[in-house]
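A quick write-up on the structure given underneath.
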Amino acid sequence: MDRNTLLAFFLISLVLVFTPKYMELVSPTPVATENGVLPTDSLIVKSERKVETQERRFIKPAQVVSKNTKETLTNVNTSLYSLQISSLFGGTVKSHLLNEYMTSDSQLVNIIKPGSHKNIFISGKDLDGRDLPLSENWTLQSFSRDPVSNSQAIVYKYEVFPDKFIYKNFTFYDNSYIIDLALDLTSISQDIYRDVFFGWTGGLPTTETNTKDDLSYFNSYVYQGGELENFKTGSKQREEYKYNGQSEWVAIRTKYFTTAIIPDSPQKIRSAVLSGQIDPIETYDMSVLIDPFDVQTFRLYMGPLEFERIKDINVGLESIMDFGWSFIRPISKGVLFALKELHQFVPNYGVVLIIFSILVKLLVYPLTKKSYQSTAAMQAVAPEINALKEKYQSNPQKLNQATMELYKKKGVNPLGGCLPMLLQMPLLLALFQVFRSTIELRAEPFVWWIKDLSSPDTIFYLPFNVPIYGDQVAVLPVIMVFSMFVQQKMMTGANQQPQQKMMQSFMMGFFFLLFNTFPSGLNLYYTLFNLLTIAQQKFIPKEDASTNKKQ
């Protein structure tokens, strides 16, 4: 790999390493709550339902199925998930198993933390300032199925005051991660304090083998007025922030999964609260402030961060997905779209990456060719440049003038080799974002020892940790660095300067350490790209400087 290519990769690596620190500096700090700790409720993010033509209405069945004397567990099964919900707190989700996603031990992913006892939660106070007793088992009033809409509905009720009930109505849809939820507190609205909090507590669990990497994506969000605010904790003490104003939705996420609460009437939401602490992992709660005078309806999204599915909700929830800086995002989304389209015809994502790397190499062929030819031209005039340095070693101004005249005479552009590689940087950054954080490559195998394209292709672990490198030993970074070494030799031959050789050796060593922790899909792509570049160099002649000379 030539010096300019290595320099471009080095700059990319610096961007990738220091971007998180930069984002911490520029990220706005939310406004802390005035009165300290608010009720420990959290928000549920709503996702858009597939069946938009159906009218959503709150139903109060007359028949009582069970009383609230003991906990009642109800199982809801759809094509996408199997959910168990409890009458505790009027609808605590005990487990939420995703049928299409597995853990490393071949179990279905459960996005509910073990022991979570009150995630979908309501809290408020009576007129005397006492907490409403809503933490008991509610009455399961009905559990019904509608074959027409292919949906299932559960209604809980709770007697807060004599003959005054509140209701939670859940509706589950097949082939959708969206759950409709209606809250009816109208019968007690005159007997309680106006402010009622509805939300989600207990956070989300880590689902990945690489817990550290998974935790780096843990975060909480609120979307207000078209602007996204986030809160990420780093403290073992509970931190809490209040965001005043109309809120379109709130959400918490892990690397690949999210839970979100989306109100049907954002104008009725007066504020949102995000809180979190390390307990022992990052645990986020979210809640919204609602009025009890009207039936409040929400959409809850509990599922994977699949871009198209999230985007189809049409509320901007996809903004919590990390596609890089603003100028990189369109490229990242285009890369993801291309990979998914290819995957419709090629079932193995590893093969998809091979095809994709070939297509990218063809796309950037003109830039690569220009870079090689410019580098070759610079090497051709190197002896004359060295002669000028000897001749004008005591006169830098004359040396610069003579050098530029030589470049002009030979038709050589000293920046010609670097600029084409810099133009490829947005694509390389986009590839990094897609391979590292999109769920499409999660747990996707390639061949032999490469079992998961979203994780390093580790073959064994060291008993100690090496800075930057980590404690895992992966194969693809070794192959990738070797391919870089071959490119370097092909480009420079025996004319390489000692300083240049030292810099390139340092960069290759740095890449070896850094890429060892990168997803195997990313390393596979870069390795394939390097091998294709080596093959390309065999067919692109290194033009002599005289061929570039202006006639």
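Ordered as shown in the structure tokens, chains take letters A, B, and onward, while each chain numbers its residues from 1 and ligands are numbered from 1 in the order shown.
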Using DSSP on the backbone, list every residue of region 240-481 of chain A that comes out as strand (DSSP E or B), and give them as a ChimeraX atom specification.
/A:240-244,249-253,257-263,271-278,282-290,296-304,458-466,470-474
Could you please take those selected residues and save C-alpha atoms as a compact mmCIF listing (two decimals), in the first residue's frame?
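Output file again.txt follows:
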```txt
# COMPACT_ATOMS: atom_id res chain seq x y z
CA GLU A 240 -32.14 12.33 36.20
CA TYR A 241 -33.03 15.04 33.68
CA LYS A 242 -36.31 16.65 32.79
CA TYR A 243 -37.11 17.93 29.30
CA ASN A 244 -40.01 20.37 29.31
CA TRP A 249 -41.29 10.08 21.63
CA VAL A 250 -38.80 8.72 24.12
CA ALA A 251 -36.58 5.67 23.73
CA ILE A 252 -33.81 3.59 25.23
CA ARG A 253 -31.52 1.34 23.23
CA PHE A 257 -32.46 -3.40 20.16
CA THR A 258 -34.69 -0.65 21.43
CA THR A 259 -37.82 0.10 23.41
CA ALA A 260 -39.71 3.28 22.62
CA ILE A 261 -42.89 5.08 23.66
CA ILE A 262 -44.63 7.11 20.96
CA PRO A 263 -47.71 9.13 21.98
CA SER A 271 -42.56 16.93 29.58
CA ALA A 272 -40.30 13.90 29.51
CA VAL A 273 -37.86 12.51 32.07
CA LEU A 274 -34.75 10.41 31.37
CA SER A 275 -32.72 8.86 34.16
CA GLY A 276 -29.95 6.31 34.46
CA GLN A 277 -27.20 4.79 36.53
CA ILE A 278 -24.66 1.97 36.38
CA GLU A 282 -26.13 1.04 32.48
CA THR A 283 -29.82 1.05 33.34
CA TYR A 284 -32.12 3.69 31.88
CA ASP A 285 -35.64 4.68 32.86
CA MET A 286 -37.91 6.94 30.84
CA SER A 287 -41.28 8.55 31.50
CA VAL A 288 -43.65 11.15 30.10
CA LEU A 289 -45.97 13.51 31.92
CA ILE A 290 -49.62 13.06 30.86
CA GLN A 296 -54.11 8.63 26.32
CA THR A 297 -53.02 6.36 23.47
CA PHE A 298 -49.48 5.26 22.64
CA ARG A 299 -47.56 2.99 20.35
CA LEU A 300 -44.84 0.95 21.97
CA TYR A 301 -41.98 -0.36 19.85
CA MET A 302 -40.12 -3.26 21.43
CA GLY A 303 -37.77 -4.91 18.99
CA PRO A 304 -34.69 -4.77 16.76
CA THR A 458 -11.48 -14.50 17.42
CA ILE A 459 -9.78 -17.92 17.52
CA PHE A 460 -8.57 -17.74 21.13
CA TYR A 461 -8.08 -15.31 24.01
CA LEU A 462 -4.90 -14.16 25.72
CA PRO A 463 -4.60 -14.33 29.51
CA PHE A 464 -3.85 -10.60 29.51
CA ASN A 465 -5.02 -7.43 27.78
CA VAL A 466 -2.88 -5.53 25.26
CA GLY A 470 -7.39 -6.25 23.39
CA ASP A 471 -7.18 -9.81 24.67
CA GLN A 472 -8.59 -11.66 21.65
CA VAL A 473 -6.50 -13.01 18.78
CA ALA A 474 -8.18 -12.65 15.38
```
Residues near Val381 (chain A), cut-off 9 Å, only C-alpha atoms, skip fewer than 2 positions along chain, as a list in words
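The residues that qualify are Ala376, Ala377, Met378, Gln379, Pro383, Glu384, Ile385, Asn386, Leu406, Tyr407, Lys410, Val412, Asp544 and Ala545 of chain A.
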Any chance you could export the current selection's N, CA, C and O atoms as a PDB file, in the first residue's frame?
```pdb
ATOM      1  N   ALA A 376       3.645   6.827  -9.254  1.00  0.00           N
ATOM      2  CA  ALA A 376       4.728   6.359 -10.113  1.00  0.00           C
ATOM      3  C   ALA A 376       5.500   7.524 -10.726  1.00  0.00           C
ATOM      4  O   ALA A 376       6.729   7.496 -10.844  1.00  0.00           O
ATOM      5  N   ALA A 377       4.761   8.574 -11.113  1.00  0.00           N
ATOM      6  CA  ALA A 377       5.415   9.749 -11.695  1.00  0.00           C
ATOM      7  C   ALA A 377       6.302  10.430 -10.666  1.00  0.00           C
ATOM      8  O   ALA A 377       7.407  10.897 -10.990  1.00  0.00           O
ATOM      9  N   MET A 378       5.844  10.473  -9.424  1.00  0.00           N
ATOM     10  CA  MET A 378       6.645  11.079  -8.366  1.00  0.00           C
ATOM     11  C   MET A 378       7.920  10.269  -8.131  1.00  0.00           C
ATOM     12  O   MET A 378       8.996  10.830  -7.891  1.00  0.00           O
ATOM     13  N   GLN A 379       7.797   8.946  -8.197  1.00  0.00           N
ATOM     14  CA  GLN A 379       8.982   8.106  -8.023  1.00  0.00           C
ATOM     15  C   GLN A 379       9.973   8.315  -9.173  1.00  0.00           C
ATOM     16  O   GLN A 379      11.189   8.282  -8.968  1.00  0.00           O
ATOM     17  N   PRO A 383      14.901  11.011  -8.312  1.00  0.00           N
ATOM     18  CA  PRO A 383      16.336  11.293  -8.419  1.00  0.00           C
ATOM     19  C   PRO A 383      16.626  12.768  -8.735  1.00  0.00           C
ATOM     20  O   PRO A 383      17.576  13.344  -8.192  1.00  0.00           O
ATOM     21  N   GLU A 384      15.808  13.370  -9.599  1.00  0.00           N
ATOM     22  CA  GLU A 384      16.025  14.774  -9.929  1.00  0.00           C
ATOM     23  C   GLU A 384      15.707  15.672  -8.730  1.00  0.00           C
ATOM     24  O   GLU A 384      16.369  16.691  -8.526  1.00  0.00           O
ATOM     25  N   ILE A 385      14.703  15.302  -7.962  1.00  0.00           N
ATOM     26  CA  ILE A 385      14.368  16.070  -6.752  1.00  0.00           C
ATOM     27  C   ILE A 385      15.526  16.003  -5.763  1.00  0.00           C
ATOM     28  O   ILE A 385      15.915  17.027  -5.152  1.00  0.00           O
ATOM     29  N   ASN A 386      16.101  14.819  -5.624  1.00  0.00           N
ATOM     30  CA  ASN A 386      17.235  14.668  -4.709  1.00  0.00           C
ATOM     31  C   ASN A 386      18.439  15.488  -5.175  1.00  0.00           C
ATOM     32  O   ASN A 386      19.167  16.069  -4.349  1.00  0.00           O
ATOM     33  N   LEU A 406      10.282  21.906 -11.848  1.00  0.00           N
ATOM     34  CA  LEU A 406      10.472  20.531 -12.309  1.00  0.00           C
ATOM     35  C   LEU A 406       9.126  19.812 -12.397  1.00  0.00           C
ATOM     36  O   LEU A 406       8.854  19.090 -13.375  1.00  0.00           O
ATOM     37  N   TYR A 407       8.269  19.985 -11.382  1.00  0.00           N
ATOM     38  CA  TYR A 407       6.941  19.363 -11.417  1.00  0.00           C
ATOM     39  C   TYR A 407       6.159  19.831 -12.646  1.00  0.00           C
ATOM     40  O   TYR A 407       5.504  19.034 -13.330  1.00  0.00           O
ATOM     41  N   LYS A 410       7.651  18.267 -15.892  1.00  0.00           N
ATOM     42  CA  LYS A 410       7.370  16.837 -16.026  1.00  0.00           C
ATOM     43  C   LYS A 410       5.876  16.529 -16.014  1.00  0.00           C
ATOM     44  O   LYS A 410       5.472  15.385 -16.232  1.00  0.00           O
ATOM     45  N   VAL A 412       3.859  16.681 -13.345  1.00  0.00           N
ATOM     46  CA  VAL A 412       3.611  15.893 -12.146  1.00  0.00           C
ATOM     47  C   VAL A 412       2.857  16.734 -11.121  1.00  0.00           C
ATOM     48  O   VAL A 412       3.218  17.901 -10.883  1.00  0.00           O
ATOM     49  N   ASP A 544       5.726   6.083 -16.602  1.00  0.00           N
ATOM     50  CA  ASP A 544       6.924   6.871 -16.350  1.00  0.00           C
ATOM     51  C   ASP A 544       6.572   8.349 -16.350  1.00  0.00           C
ATOM     52  O   ASP A 544       5.592   8.773 -16.963  1.00  0.00           O
ATOM     53  N   ALA A 545       7.303   9.096 -15.619  1.00  0.00           N
ATOM     54  CA  ALA A 545       7.005  10.528 -15.511  1.00  0.00           C
ATOM     55  C   ALA A 545       6.964  11.186 -16.881  1.00  0.00           C
ATOM     56  O   ALA A 545       6.227  12.153 -17.097  1.00  0.00           O
TER      57      ALA A 545
END
```
Write out as JSON lines a residue-level contact list of region 175-211 of chain A versus region 153-159 of chain A with cut-off 12 Å: for each qualifying residue the closest pair of atoms and the distance in Å to one decimal, counting only C-alpha atoms, rows sorted by chain and residue number upward.
```
{"residue": "A:Ile179", "atom": "CA", "partner": "A:Ala153", "partner_atom": "CA", "distance": 9.7}
{"residue": "A:Asp180", "atom": "CA", "partner": "A:Ala153", "partner_atom": "CA", "distance": 9.2}
{"residue": "A:Leu181", "atom": "CA", "partner": "A:Ile154", "partner_atom": "CA", "distance": 9.6}
{"residue": "A:Ala182", "atom": "CA", "partner": "A:Val155", "partner_atom": "CA", "distance": 9.4}
{"residue": "A:Leu183", "atom": "CA", "partner": "A:Tyr156", "partner_atom": "CA", "distance": 9.9}
{"residue": "A:Asp184", "atom": "CA", "partner": "A:Lys157", "partner_atom": "CA", "distance": 9.3}
{"residue": "A:Leu185", "atom": "CA", "partner": "A:Tyr158", "partner_atom": "CA", "distance": 10.1}
{"residue": "A:Ser187", "atom": "CA", "partner": "A:Glu159", "partner_atom": "CA", "distance": 10.1}
{"residue": "A:Ile188", "atom": "CA", "partner": "A:Glu159", "partner_atom": "CA", "distance": 9.6}
```
Since we have the selection now, will you write its residues out, keeping N, CA and C atoms, as an mmCIF file, in the first residue's frame?
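part-v8.cif written:
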```cif
data_model
loop_
_atom_site.group_PDB
_atom_site.id
_atom_site.type_symbol
_atom_site.label_atom_id
_atom_site.label_comp_id
_atom_site.auth_asym_id
_atom_site.auth_seq_id
_atom_site.Cartn_x
_atom_site.Cartn_y
_atom_site.Cartn_z
ATOM 1 N N ILE A 179 -46.875 -2.295 19.632
ATOM 2 C CA ILE A 179 -47.966 -2.621 20.540
ATOM 3 C C ILE A 179 -48.741 -1.331 20.795
ATOM 4 N N ASP A 180 -50.050 -1.375 20.548
ATOM 5 C CA ASP A 180 -50.889 -0.222 20.868
ATOM 6 C C ASP A 180 -51.264 -0.278 22.341
ATOM 7 N N LEU A 181 -51.253 0.875 22.985
ATOM 8 C CA LEU A 181 -51.595 0.939 24.401
ATOM 9 C C LEU A 181 -52.465 2.163 24.658
ATOM 10 N N ALA A 182 -53.594 1.932 25.331
ATOM 11 C CA ALA A 182 -54.477 3.023 25.718
ATOM 12 C C ALA A 182 -54.587 3.057 27.237
ATOM 13 N N LEU A 183 -54.475 4.253 27.806
ATOM 14 C CA LEU A 183 -54.582 4.447 29.252
ATOM 15 C C LEU A 183 -55.822 5.291 29.526
ATOM 16 N N ASP A 184 -56.704 4.784 30.383
ATOM 17 C CA ASP A 184 -57.929 5.503 30.728
ATOM 18 C C ASP A 184 -57.948 5.759 32.233
ATOM 19 N N LEU A 185 -57.714 7.006 32.615
ATOM 20 C CA LEU A 185 -57.770 7.425 34.012
ATOM 21 C C LEU A 185 -58.871 8.455 34.243
ATOM 22 N N SER A 187 -61.987 8.309 35.041
ATOM 23 C CA SER A 187 -62.931 8.171 36.158
ATOM 24 C C SER A 187 -62.360 8.685 37.472
ATOM 25 N N ILE A 188 -61.023 8.805 37.568
ATOM 26 C CA ILE A 188 -60.408 9.288 38.812
ATOM 27 C C ILE A 188 -59.746 10.644 38.615
#
```
Length of the CA of Leu73 (chain A) to CA of Ile85 (chain A) vector [Å]:
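Taking CA of Leu73 (chain A) and CA of Ile85 (chain A), their separation equals 5.7 Å.
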Select, from A:Gly521, A:Pro467, A:Gly202, A:Gly225, the residue with the minimum atom-to-atom distance to Leu453 (chain A), counting only C-alpha atoms.
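Closest to Leu453 (chain A) of all the choices is A:Gly521.
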Which residue out of A:Ile120, A:Leu531, A:Leu514, A:Val76 has the minimum interatomic distance to Lys361 (chain A) when only C-alpha atoms are used?
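Answer, going by the shortest atom-to-atom distance: A:Leu531.
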Excluding region 432-437 of chain A and residues on its chain fewer than 3 positions from it, collect all residues at most 9 Å away from it, counting only C-alpha atoms, and give them as a ChimeraX atom specification.
/A:16,217,255-256,321-324,332-333,335-336,427-429,440-442,453-455,518-522
Would you pick out the contacts of Gln190 (chain A) at 9 Å or less, using only C-alpha atoms, so that residues sharing its chain but fewer than 4 positions from it are not included, and give the list as number ranges by chain?
A: 127, 186, 194, 292-293
Among listed residues A:Phe337, A:Phe482, A:Tyr173, A:Trp138, nearest Phe89 (chain A) (using only C-alpha atoms):
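Closest residue, counting only C-alpha atoms: A:Trp138.
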So, counting only C-alpha atoms, which residue among A:His117, A:Asn137, A:Lys340, A:Thr103 is closest to Glu308 (chain A)?
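Closest to Glu308 (chain A) of all the choices is A:Lys340.
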